[in-house]
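work14.txt, holding compact mmCIF, C-alpha atoms (C1' of nucleotides):
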```txt
# COMPACT_ATOMS: atom_id res chain seq x y z
CA MET A 25 86.42 -50.26 50.07
CA ILE A 26 86.73 -50.56 53.80
CA GLU A 27 84.06 -47.86 54.06
CA SER A 28 81.37 -50.42 53.32
CA LEU A 29 82.32 -52.40 56.41
CA LYS A 30 82.59 -49.24 58.49
CA ASN A 31 79.11 -48.20 57.37
CA HIS A 32 77.75 -51.62 58.16
CA ILE A 33 79.13 -51.49 61.68
CA LEU A 34 77.78 -48.00 62.27
CA ARG A 35 74.32 -49.17 61.26
CA PHE A 36 74.24 -51.35 64.37
CA VAL A 37 76.56 -49.95 67.05
CA ASN A 38 78.33 -46.78 68.18
CA PRO A 39 82.04 -47.45 68.60
CA SER A 40 84.49 -44.72 69.56
CA LYS A 41 86.85 -43.50 66.88
CA LYS A 42 89.67 -45.55 68.34
CA GLU A 43 87.54 -48.66 68.79
CA ILE A 44 86.52 -48.84 65.16
CA GLU A 45 89.97 -47.86 63.87
CA ASP A 46 91.57 -50.66 65.88
CA PHE A 47 89.17 -53.09 64.33
CA LEU A 48 89.50 -51.83 60.77
CA ASN A 49 93.29 -51.97 61.12
CA ILE A 50 93.28 -55.77 61.33
CA ILE A 51 91.18 -56.17 58.19
CA GLU A 52 92.73 -57.41 54.95
CA LEU A 53 91.36 -56.75 51.49
CA GLU A 54 91.25 -59.50 48.88
CA ASN A 55 90.05 -59.82 45.31
CA ILE A 56 88.50 -63.17 44.45
CA PRO A 57 87.92 -63.97 40.76
CA ALA A 58 84.76 -65.90 39.83
CA LYS A 59 84.96 -69.66 40.57
CA HIS A 60 87.87 -69.22 42.99
CA TYR A 61 87.63 -70.55 46.51
CA ILE A 62 88.11 -68.80 49.83
CA LEU A 63 87.74 -72.09 51.70
CA LYS A 64 88.21 -75.69 50.65
CA GLU A 65 87.17 -78.95 52.28
CA GLY A 66 89.81 -80.37 54.60
CA HIS A 67 91.44 -77.02 55.29
CA TYR A 68 91.21 -74.88 58.40
CA CYS A 69 88.98 -71.85 58.23
CA ASN A 70 91.13 -69.09 59.71
CA TYR A 71 89.15 -66.12 58.45
CA ASN A 72 85.77 -64.51 58.65
CA HIS A 73 84.93 -62.71 55.40
CA PHE A 74 82.85 -59.61 54.86
CA ILE A 75 81.63 -59.39 51.28
CA VAL A 76 82.11 -55.96 49.75
CA LYS A 77 81.13 -56.99 46.25
CA GLY A 78 80.13 -60.21 44.56
CA CYS A 79 78.43 -63.42 45.50
CA PHE A 80 79.57 -66.63 47.16
CA ARG A 81 78.08 -70.00 47.83
CA SER A 82 79.12 -72.45 50.50
CA PHE A 83 78.57 -76.08 49.70
CA PHE A 84 79.68 -79.54 50.71
CA ILE A 85 79.94 -82.70 48.69
CA ASN A 86 77.70 -85.53 49.87
CA LYS A 87 78.45 -89.26 49.75
CA LYS A 88 76.97 -89.56 46.29
CA GLY A 89 79.44 -86.92 45.15
CA ILE A 90 76.78 -84.29 44.64
CA GLU A 91 77.39 -80.66 45.60
CA LYS A 92 74.90 -79.38 48.18
CA THR A 93 74.71 -75.61 48.47
CA ILE A 94 73.90 -74.69 52.03
CA ASN A 95 74.31 -70.91 51.92
CA PHE A 96 74.71 -67.93 49.71
CA GLY A 97 76.41 -64.69 50.66
CA ILE A 98 76.20 -61.32 48.96
CA GLU A 99 77.20 -57.73 49.71
CA ASP A 100 77.23 -56.83 53.42
CA TRP A 101 77.18 -60.41 54.64
CA TRP A 102 79.77 -62.15 56.77
CA LEU A 103 80.78 -65.58 55.56
CA THR A 104 82.78 -68.26 57.33
CA ASP A 105 82.53 -71.82 58.58
CA PHE A 106 82.00 -71.10 62.27
CA ASP A 107 82.58 -74.70 63.24
CA SER A 108 86.07 -74.70 61.77
CA PHE A 109 86.68 -71.04 62.68
CA MET A 110 85.78 -71.43 66.35
CA ASN A 111 86.82 -74.99 67.06
CA ARG A 112 89.95 -75.07 64.89
CA THR A 113 88.77 -78.18 63.09
CA GLN A 114 89.10 -79.14 59.44
CA THR A 115 86.18 -77.83 57.45
CA GLN A 116 83.80 -79.94 55.38
CA LEU A 117 82.70 -76.86 53.46
CA ASN A 118 83.78 -75.19 50.27
CA ILE A 119 83.19 -71.49 49.83
CA GLN A 120 83.37 -70.35 46.23
CA ALA A 121 82.86 -67.03 44.46
CA THR A 122 80.07 -67.32 41.89
CA GLU A 123 81.20 -64.04 40.31
CA ASP A 124 84.21 -61.72 40.63
CA ALA A 125 84.25 -60.58 44.21
CA ILE A 126 85.95 -58.38 46.78
CA VAL A 127 86.11 -59.40 50.42
CA LEU A 128 87.44 -57.91 53.63
CA LYS A 129 88.81 -60.68 55.78
CA VAL A 130 89.82 -60.88 59.40
CA SER A 131 91.90 -63.64 60.93
CA LYS A 132 90.69 -65.55 63.98
CA THR A 133 93.70 -64.58 66.09
CA LYS A 134 93.52 -60.88 65.33
CA LEU A 135 89.76 -60.80 65.76
CA ASP A 136 90.14 -62.49 69.15
CA THR A 137 92.42 -59.73 70.41
CA ILE A 138 89.85 -57.11 69.42
CA LEU A 139 86.95 -59.06 70.93
CA GLN A 140 88.91 -59.39 74.14
CA ASN A 141 88.39 -55.71 74.90
CA SER A 142 85.99 -53.99 72.55
CA LEU A 143 82.43 -53.68 73.85
CA GLU A 144 81.01 -52.29 70.63
CA ILE A 145 82.59 -54.86 68.33
CA ASN A 146 81.28 -57.62 70.56
CA LYS A 147 77.86 -56.02 70.36
CA TYR A 148 78.18 -55.79 66.60
CA PHE A 149 78.90 -59.48 66.16
CA ARG A 150 76.28 -60.43 68.72
CA ILE A 151 73.66 -58.49 66.78
CA ILE A 152 74.80 -59.96 63.45
CA LEU A 153 74.55 -63.44 64.93
CA GLU A 154 71.08 -62.76 66.30
CA ARG A 155 70.02 -61.86 62.80
CA VAL A 156 71.68 -64.93 61.36
CA ARG A 157 69.86 -67.03 63.92
CA ILE A 158 66.54 -65.55 62.83
CA ALA A 159 67.35 -66.30 59.19
CA ASP A 160 68.42 -69.87 59.99
CA GLN A 161 65.28 -70.55 62.00
CA ARG A 162 63.10 -69.14 59.28
CA ARG A 163 64.86 -71.31 56.74
CA ILE A 164 64.36 -74.45 58.79
CA GLN A 165 60.72 -73.50 59.25
CA TYR A 166 60.26 -73.03 55.51
CA MET A 167 61.97 -76.29 54.69
CA PHE A 168 59.53 -78.14 56.91
CA ASN A 169 56.43 -76.29 55.93
CA LEU A 170 56.68 -75.75 52.21
CA SER A 171 56.70 -78.02 49.18
CA GLY A 172 59.50 -77.63 46.63
CA GLU A 173 57.30 -75.50 44.46
CA GLU A 174 56.33 -73.25 47.35
CA LEU A 175 59.98 -72.94 48.42
CA TYR A 176 60.89 -71.71 44.97
CA ASN A 177 58.00 -69.29 44.74
CA THR A 178 58.71 -67.87 48.18
CA PHE A 179 62.40 -67.49 47.45
CA TYR A 180 61.63 -65.85 44.13
CA GLU A 181 59.16 -63.47 45.73
CA TYR A 182 61.67 -62.23 48.32
CA ASN A 183 64.79 -62.34 46.11
CA PRO A 184 63.71 -61.74 42.51
CA GLU A 185 66.95 -60.05 41.46
CA PHE A 186 69.11 -62.67 43.15
CA VAL A 187 67.50 -65.53 41.21
CA GLN A 188 68.91 -63.99 38.01
CA ARG A 189 72.34 -63.76 39.57
CA ILE A 190 73.11 -67.44 40.08
CA PRO A 191 72.83 -70.61 37.99
CA GLN A 192 69.59 -72.46 38.53
CA TYR A 193 71.27 -75.65 39.65
CA MET A 194 72.78 -73.83 42.62
CA LEU A 195 69.43 -72.47 43.64
CA ALA A 196 67.83 -75.89 43.29
CA SER A 197 70.52 -77.32 45.53
CA TYR A 198 70.04 -74.54 48.09
CA LEU A 199 66.30 -75.14 48.16
CA GLY A 200 66.86 -78.85 48.63
CA PHE A 201 65.85 -80.42 45.34
CA THR A 202 67.25 -81.33 41.93
CA PRO A 203 67.80 -78.99 38.97
CA GLU A 204 65.46 -81.18 36.92
CA PHE A 205 62.68 -80.56 39.38
CA LEU A 206 63.31 -76.81 39.31
CA SER A 207 63.04 -76.92 35.53
CA LYS A 208 59.69 -78.64 35.91
CA ILE A 209 58.45 -75.96 38.32
CA ARG A 210 59.52 -73.17 36.00
CA ALA A 211 57.94 -74.84 32.96
CA LYS A 212 54.69 -75.04 34.89
CA LYS A 213 54.82 -71.34 35.83
CA HIS A 214 55.28 -70.09 32.28
CA LEU A 215 52.10 -71.59 30.88
CA MET B 4 69.00 -72.33 91.22
CA ILE B 5 70.58 -69.25 89.76
CA GLU B 6 73.93 -70.93 90.34
CA SER B 7 73.46 -73.02 87.23
CA LEU B 8 73.28 -69.90 85.09
CA LYS B 9 76.22 -68.36 86.90
CA ASN B 10 78.27 -71.50 86.27
CA HIS B 11 77.26 -71.53 82.64
CA ILE B 12 78.41 -67.95 82.17
CA LEU B 13 81.71 -68.60 83.93
CA ARG B 14 82.38 -71.48 81.58
CA PHE B 15 82.68 -69.01 78.71
CA VAL B 16 83.66 -65.57 80.04
CA ASN B 17 85.26 -63.79 83.00
CA PRO B 18 82.99 -61.06 84.28
CA SER B 19 83.85 -58.97 87.31
CA LYS B 20 81.88 -59.61 90.48
CA LYS B 21 79.76 -56.54 89.87
CA GLU B 22 79.21 -57.34 86.20
CA ILE B 23 77.77 -60.77 86.85
CA GLU B 24 75.77 -59.63 89.88
CA ASP B 25 74.14 -56.87 87.84
CA PHE B 26 73.14 -59.41 85.27
CA LEU B 27 71.88 -62.02 87.71
CA ASN B 28 69.84 -59.33 89.46
CA ILE B 29 67.53 -58.90 86.49
CA ILE B 30 66.82 -62.61 86.21
CA GLU B 31 63.44 -64.04 87.27
CA LEU B 32 62.83 -67.62 88.31
CA GLU B 33 59.77 -69.50 87.10
CA ASN B 34 58.37 -72.99 87.52
CA ILE B 35 56.68 -74.42 84.45
CA PRO B 36 54.56 -77.56 84.86
CA ALA B 37 54.61 -80.12 82.06
CA LYS B 38 52.52 -79.15 79.01
CA HIS B 39 52.40 -75.49 79.99
CA TYR B 40 53.54 -72.84 77.55
CA ILE B 41 56.11 -70.10 77.95
CA LEU B 42 55.21 -68.66 74.54
CA LYS B 43 52.10 -68.92 72.41
CA GLU B 44 51.46 -68.11 68.77
CA GLY B 45 50.28 -64.54 68.23
CA HIS B 46 51.87 -63.21 71.40
CA TYR B 47 55.01 -61.11 71.78
CA CYS B 48 58.09 -62.89 73.00
CA ASN B 49 59.40 -60.58 75.71
CA TYR B 50 61.76 -63.01 77.40
CA ASN B 51 64.79 -65.12 76.79
CA HIS B 52 64.71 -68.28 78.91
CA PHE B 53 67.57 -70.23 80.39
CA ILE B 54 66.53 -73.78 81.22
CA VAL B 55 67.64 -74.88 84.67
CA LYS B 56 65.70 -78.13 84.62
CA GLY B 57 63.34 -79.84 82.25
CA CYS B 58 62.74 -79.97 78.55
CA PHE B 59 60.93 -77.74 76.08
CA ARG B 60 59.97 -77.93 72.47
CA SER B 61 59.21 -75.05 70.16
CA PHE B 62 56.78 -75.76 67.37
CA PHE B 63 54.49 -74.05 64.94
CA ILE B 64 51.26 -75.20 63.37
CA ASN B 65 51.34 -75.52 59.60
CA LYS B 66 48.48 -74.87 57.19
CA LYS B 67 47.31 -78.44 57.43
CA GLY B 68 47.00 -77.94 61.18
CA ILE B 69 49.91 -80.22 62.00
CA GLU B 70 52.39 -79.34 64.76
CA LYS B 71 55.95 -79.04 63.46
CA THR B 72 58.61 -79.19 66.15
CA ILE B 73 61.52 -77.04 65.12
CA ASN B 74 63.64 -77.13 68.27
CA PHE B 75 64.16 -78.79 71.59
CA GLY B 76 65.78 -77.20 74.59
CA ILE B 77 67.15 -78.87 77.70
CA GLU B 78 69.25 -77.91 80.71
CA ASP B 79 71.76 -75.11 80.07
CA TRP B 80 70.15 -73.94 76.85
CA TRP B 81 68.69 -70.53 76.12
CA LEU B 82 65.30 -70.58 74.45
CA THR B 83 63.40 -67.76 72.80
CA ASP B 84 61.93 -66.72 69.48
CA PHE B 85 64.63 -64.27 68.42
CA ASP B 86 62.51 -62.91 65.60
CA SER B 87 59.78 -61.83 67.99
CA PHE B 88 62.22 -60.99 70.78
CA MET B 89 64.42 -58.71 68.68
CA ASN B 90 61.93 -57.26 66.22
CA ARG B 91 58.98 -56.92 68.60
CA THR B 92 56.73 -58.84 66.26
CA GLN B 93 54.01 -61.36 67.01
CA THR B 94 55.45 -64.84 67.21
CA GLN B 95 54.36 -67.79 65.10
CA LEU B 96 55.94 -70.17 67.58
CA ASN B 97 54.72 -72.07 70.59
CA ILE B 98 57.17 -73.05 73.29
CA GLN B 99 55.92 -75.77 75.58
CA ALA B 100 57.39 -77.70 78.50
CA THR B 101 57.45 -81.41 77.75
CA GLU B 102 58.07 -82.16 81.42
CA ASP B 103 58.02 -80.17 84.68
CA ALA B 104 60.59 -77.45 84.26
CA ILE B 105 62.37 -74.56 85.92
CA VAL B 106 63.56 -71.58 83.89
CA LEU B 107 65.42 -68.38 84.56
CA LYS B 108 64.01 -65.67 82.37
CA VAL B 109 65.22 -62.23 81.43
CA SER B 110 63.09 -59.54 79.84
CA LYS B 111 64.15 -57.83 76.64
CA THR B 112 64.18 -54.35 78.18
CA LYS B 113 66.24 -55.33 81.21
CA LEU B 114 68.63 -57.38 79.13
CA ASP B 115 69.12 -54.43 76.81
CA THR B 116 70.26 -52.21 79.65
CA ILE B 117 72.85 -54.79 80.67
CA LEU B 118 74.03 -55.32 77.10
CA GLN B 119 74.42 -51.59 76.71
CA ASN B 120 77.45 -51.61 78.99
CA SER B 121 78.66 -55.06 79.90
CA LEU B 122 81.55 -56.34 77.80
CA GLU B 123 81.54 -59.83 79.27
CA ILE B 124 77.80 -60.40 78.99
CA ASN B 125 77.96 -59.33 75.35
CA LYS B 126 80.81 -61.77 74.87
CA TYR B 127 78.80 -64.47 76.58
CA PHE B 128 75.80 -64.10 74.30
CA ARG B 129 78.02 -63.72 71.24
CA ILE B 130 79.71 -67.01 72.06
CA ILE B 131 76.39 -68.72 72.75
CA LEU B 132 75.10 -67.51 69.40
CA GLU B 133 78.21 -68.72 67.60
CA ARG B 134 77.54 -72.16 69.02
CA VAL B 135 73.89 -71.98 68.06
CA ARG B 136 74.93 -71.02 64.54
CA ILE B 137 77.17 -74.08 64.34
CA ALA B 138 74.32 -76.30 65.50
CA ASP B 139 71.86 -74.75 63.04
CA GLN B 140 74.26 -75.16 60.13
CA ARG B 141 74.95 -78.74 61.05
CA ARG B 142 71.24 -79.42 61.24
CA ILE B 143 70.61 -77.92 57.81
CA GLN B 144 73.50 -79.95 56.46
CA TYR B 145 72.08 -83.16 57.94
CA MET B 146 68.60 -82.46 56.66
CA PHE B 147 69.96 -82.17 53.14
CA ASN B 148 72.35 -85.03 53.28
CA LEU B 149 70.60 -87.77 55.17
CA SER B 150 67.56 -89.93 54.58
CA GLY B 151 64.90 -90.15 57.28
CA GLU B 152 66.38 -93.37 58.56
CA GLU B 153 69.87 -91.90 58.70
CA LEU B 154 68.57 -88.79 60.46
CA TYR B 155 67.03 -90.94 63.16
CA ASN B 156 70.11 -93.13 63.57
CA THR B 157 72.41 -90.13 63.76
CA PHE B 158 70.19 -88.37 66.26
CA TYR B 159 69.94 -91.52 68.35
CA GLU B 160 73.69 -92.03 68.27
CA TYR B 161 74.42 -88.52 69.59
CA ASN B 162 71.45 -88.23 71.97
CA PRO B 163 70.55 -91.72 73.18
CA GLU B 164 69.26 -90.58 76.57
CA PHE B 165 67.25 -87.74 75.08
CA VAL B 166 65.32 -90.06 72.76
CA GLN B 167 63.84 -91.72 75.86
CA ARG B 168 62.85 -88.36 77.28
CA ILE B 169 60.34 -87.22 74.68
CA PRO B 170 57.38 -88.77 72.86
CA GLN B 171 58.29 -90.30 69.54
CA TYR B 172 55.90 -88.17 67.58
CA MET B 173 57.76 -85.04 68.66
CA LEU B 174 61.06 -86.49 67.57
CA ALA B 175 59.58 -87.54 64.24
CA SER B 176 58.31 -84.02 63.72
CA TYR B 177 61.70 -82.55 64.66
CA LEU B 178 63.46 -84.82 62.20
CA GLY B 179 61.02 -83.85 59.48
CA PHE B 180 58.87 -86.91 58.96
CA THR B 181 55.70 -88.58 60.26
CA PRO B 182 55.35 -90.66 63.43
CA GLU B 183 54.19 -93.60 61.29
CA PHE B 184 57.45 -93.50 59.39
CA LEU B 185 59.45 -93.40 62.63
CA SER B 186 57.55 -96.48 63.78
CA LYS B 187 58.56 -98.20 60.57
CA ILE B 188 62.23 -97.31 61.07
CA ARG B 189 62.19 -98.63 64.62
CA ALA B 190 60.42 -101.84 63.63
CA LYS B 191 63.15 -102.42 61.05
CA LYS B 192 65.91 -101.86 63.64
CA HIS B 193 64.59 -104.38 66.12
CA LEU B 194 64.67 -107.38 63.82
C1' DA C 21 41.35 -99.92 90.05
C1' DG C 22 38.92 -98.47 86.05
C1' DA C 23 37.97 -95.14 82.42
C1' DA C 24 39.70 -91.80 79.33
C1' DA C 25 43.22 -89.82 76.91
C1' DA C 26 47.60 -89.94 74.79
C1' DA C 27 51.02 -92.39 72.30
C1' DC C 28 52.46 -96.09 69.26
C1' DT C 29 52.07 -99.78 65.54
C1' DT C 30 50.87 -101.99 61.22
C1' DA C 31 49.48 -102.23 56.59
C1' DA C 32 47.50 -100.71 52.17
C1' DT C 33 47.57 -97.07 48.96
C1' DC C 34 49.29 -92.84 47.00
C1' DT C 35 52.47 -88.88 45.48
C1' DA C 36 56.25 -85.38 45.39
C1' DG C 37 60.29 -85.40 43.91
C1' DA C 38 64.59 -88.39 42.56
C1' DT C 39 66.94 -90.74 39.01
C1' DT C 40 68.39 -91.68 34.46
C1' DA C 41 69.21 -90.42 29.96
C1' DA C 42 69.52 -87.67 25.94
C1' DG C 43 69.19 -83.48 23.55
C1' DA C 44 69.01 -78.28 23.28
C1' DA C 45 70.65 -73.63 24.61
C1' DA C 46 73.55 -70.61 26.22
C1' DT C 47 78.41 -68.96 27.67
C1' DA C 48 82.98 -68.94 27.43
C1' DA C 49 87.17 -69.79 25.32
C1' DA C 50 90.37 -70.12 21.49
C1' DT D 7 82.94 -67.63 14.48
C1' DT D 8 83.81 -72.22 15.56
C1' DT D 9 84.56 -75.48 19.36
C1' DA D 10 84.16 -76.72 23.98
C1' DT D 11 82.13 -76.32 28.25
C1' DT D 12 78.53 -75.26 31.17
C1' DT D 13 73.76 -74.87 32.00
C1' DC D 14 68.94 -76.02 31.16
C1' DT D 15 64.97 -78.84 29.52
C1' DT D 16 61.95 -82.80 28.74
C1' DA D 17 60.19 -87.22 29.55
C1' DA D 18 59.97 -91.99 31.30
C1' DT D 19 60.55 -94.63 35.31
C1' DC D 20 61.22 -95.33 40.20
C1' DT D 21 61.16 -94.74 45.44
C1' DA D 22 61.16 -92.65 50.12
C1' DG D 23 58.07 -91.23 52.79
C1' DA D 24 53.00 -89.33 53.23
C1' DT D 25 48.31 -90.41 53.98
C1' DT D 26 44.54 -92.92 55.72
C1' DA D 27 42.53 -95.94 58.73
C1' DA D 28 42.05 -99.23 62.35
C1' DG D 29 43.75 -101.49 66.22
C1' DT D 30 46.96 -101.78 70.39
C1' DT D 31 49.59 -100.27 74.16
C1' DT D 32 50.85 -96.97 77.58
C1' DT D 33 50.04 -93.12 80.53
C1' DT D 34 47.16 -90.09 83.09
C1' DC D 35 43.39 -88.88 85.74
C1' DT D 36 39.43 -89.67 89.00
```

Go ahead and render the structure in this file as structure tokens.
Amino acid sequence: MIESLKNHILRFVNPSKKEIEDFLNIIELENIPAKHYILKEGHYCNYNHFIVKGCFRSFFINKKGIEKTINFGIEDWWLTDFDSFMNRTQTQLNIQATEDAIVLKVSKTKLDTILQNSLEINKYFRIILERVRIADQRRIQYMFNLSGEELYNTFYEYNPEFVQRIPQYMLASYLGFTPEFLSKIRAKKHL
Amino acid sequence: MIESLKNHILRFVNPSKKEIEDFLNIIELENIPAKHYILKEGHYCNYNHFIVKGCFRSFFINKKGIEKTINFGIEDWWLTDFDSFMNRTQTQLNIQATEDAIVLKVSKTKLDTILQNSLEINKYFRIILERVRIADQRRIQYMFNLSGEELYNTFYEYNPEFVQRIPQYMLASYLGFTPEFLSKIRAKKHL
DNA sequence: AGAAAAACTTAATCTAGATTAAGAAATAAA
DNA sequence: TTTATTTCTTAATCTAGATTAAGTTTTTCT
């Protein structure tokens, strides 16, 4: 189980045996059944989660009471609310498993002790965050540049298997429009 | 000049004298007159820029030929196109000074040699990127949740002085709507 | 100071996507 | 294998913001 995280780390950096063992020692394994939450609005986000298996969505509830999905996470992704995690504030986010899942989680306090001294683990998270930044920027760029229909087509093109994996209304929300509109787009595509 | 970067680093991490000197030694100073570019579409982004003074915007040109501002940067911010910087790809972005500016820039190759060995500089950039991630997530959340008018009011509330500093059409573009619509919002506010 | 360029405003018209509502399919649960 | 719950579709109506176009104000340059 923990091998998948180890492999992920070794794809990016070259820690010593001790360095990686120290890190892996603070990791906790958790099974999350579908629909269960690993973070709920109003709570403090004390963990960063590495997804071994399964799929999650993070969403918040807007003033009209509608759920807005702002991110998905699948295998080999880290998932947390950095704002709450770093600044020790109450989160506005919910993070929910969309299918049965397995995560490796690390608490803020334990992670901090590792990051205090480990060059390679710092590198690892720096590199992960650089990649996240690229993805975020690309997403913002797409949101500005593309119509709803184009957003869907682009997403489908790059993530065809993932589209099957989640309910349509979640994808609609992630792309920034209503499920009704997504239905309309799909109807148009099929004839 | 380089003091401002030094101070910024010391706000987040505690490098040894040698560690910070080694880093500062690879930094180059550059003056950028208003309207000049530090990055142009189609080029390779070989530098990360720390803004000592002035203001920049990064934008791309969409298919309709319209400039879309996706970020601003002011004093004490790092500015680059990470996608191009990390992946050595041609950038789609333009980064332009909106006023006379001074930057400290560091090349990818030199930065890499520092990041190879320096714990504290890795920490520094990791922390910066965590903060950037928080800002990006918040921005995405706002874009989904708020109407154009609310986006403007929120931005104005948190950055009143900055609104004066840039042309309105750039702000409109950054917020995701047209300058005409921003004019309408402002007209409504004033009576 | 005067001309040119850049930035901003106003108003009429148009459209992508939201909203509302009701029914149909598909999944899950009992 | 029936019932309940969740998800998806269709269609009519509505609206925030885009587009177009023309005029005005402000800034920059010579």

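Checking D:DT7, D:DT25, D:DT31, D:DT16 one by one against chain B, counting all atoms listed in the file, you find the shortest gap at D:DT25.
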
Dump as a tab-separated table the rows for residues of chain D within 12 Å of chain B: closest atom pair and distance in Å with one decimal, only C-alpha atoms (C1' of nucleotides) counted, ordered by chain and rising residue number.
```
residue	atom	partner	partner_atom	distance
D:DA22	C1'	B:Ser150	CA	8.3
D:DG23	C1'	B:Phe184	CA	7.0
D:DA24	C1'	B:Thr181	CA	7.6
D:DT25	C1'	B:Thr181	CA	9.9
D:DT26	C1'	B:Glu183	CA	11.2
D:DT32	C1'	B:Pro170	CA	11.5
D:DT33	C1'	B:Pro170	CA	11.5
```

For this session: Show which residues sit within 10 Å of range 30-34 of chain A, as an MDAnalysis selection string. Count all atoms listed in the file, and ignore same-chain residues fewer than 3 positions away.
Result: chainID A and resid 25:27 37:39 44:45 47:48 100:101 144:145 147:149 152

Exercise. Leaving out His52 in chain B and any residue of its chain fewer than 4 positions from it, which residues lie within 10 Å of it when counting only C-alpha atoms (C1' of nucleotides), given as a list of chain:residue names?
Worked result: B:Ile30, B:Glu31, B:Leu32, B:Glu33, B:Ile41, B:Gly76, B:Asp79, B:Trp80, B:Trp81, B:Leu82, B:Thr83, B:Asp84, B:Ile105, B:Val106, B:Leu107, B:Lys108, B:Val109, B:Ser110

Problem set entry | Surrounding residues of DC35 in chain D excluding itself and chain neighbours under 4 positions, 9 Å, all atoms listed in the file, as a count of residues only | 3

For this session: Just need the residues of chain A within 8 Å of chain B, counting all atoms listed in the file, so spit them out as a PyMOL selection string.
Result: chain A and resi 86+92+94+106-107+139+141-143+146-147+149-150+153-154+156-158+160-161+164-165+168-169+200

For this session: Quick one: residues within 9 Å of (77.5, -54.8, 50.6) (file frame), counting all atoms listed in the file, please, as a ChimeraX atom specification.
Result: /A:28-29,32,74-78,98-101

Any idea which chain C residues end up within 12 Å of chain A if we count all atoms listed in the file, as a PDB file with C-alpha atoms (C1' of nucleotides), in the coordinates of the input please?
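Final file, result34.pdb:
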```
ATOM      1  C1'  DA C  36      56.250 -85.380  45.390  1.00  0.00           C
ATOM      2  C1'  DG C  37      60.290 -85.400  43.910  1.00  0.00           C
ATOM      3  C1'  DA C  38      64.590 -88.390  42.560  1.00  0.00           C
ATOM      4  C1'  DT C  39      66.940 -90.740  39.010  1.00  0.00           C
ATOM      5  C1'  DT C  40      68.390 -91.680  34.460  1.00  0.00           C
ATOM      6  C1'  DA C  46      73.550 -70.610  26.220  1.00  0.00           C
ATOM      7  C1'  DT C  47      78.410 -68.960  27.670  1.00  0.00           C
TER       8       DT C  47
END
```

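The space between CA of Phe75 in chain B and CA of Thr92 in chain B spans 21.9 Å.
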
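The space between CA of Glu43 in chain A and CA of Asn70 in chain A spans 22.6 Å.
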
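You can rank B:Phe158, B:Tyr172, B:Tyr40, B:Tyr47 by their closest distance to Gln95 in chain B using only C-alpha atoms, and at the top of that list sits B:Tyr47.
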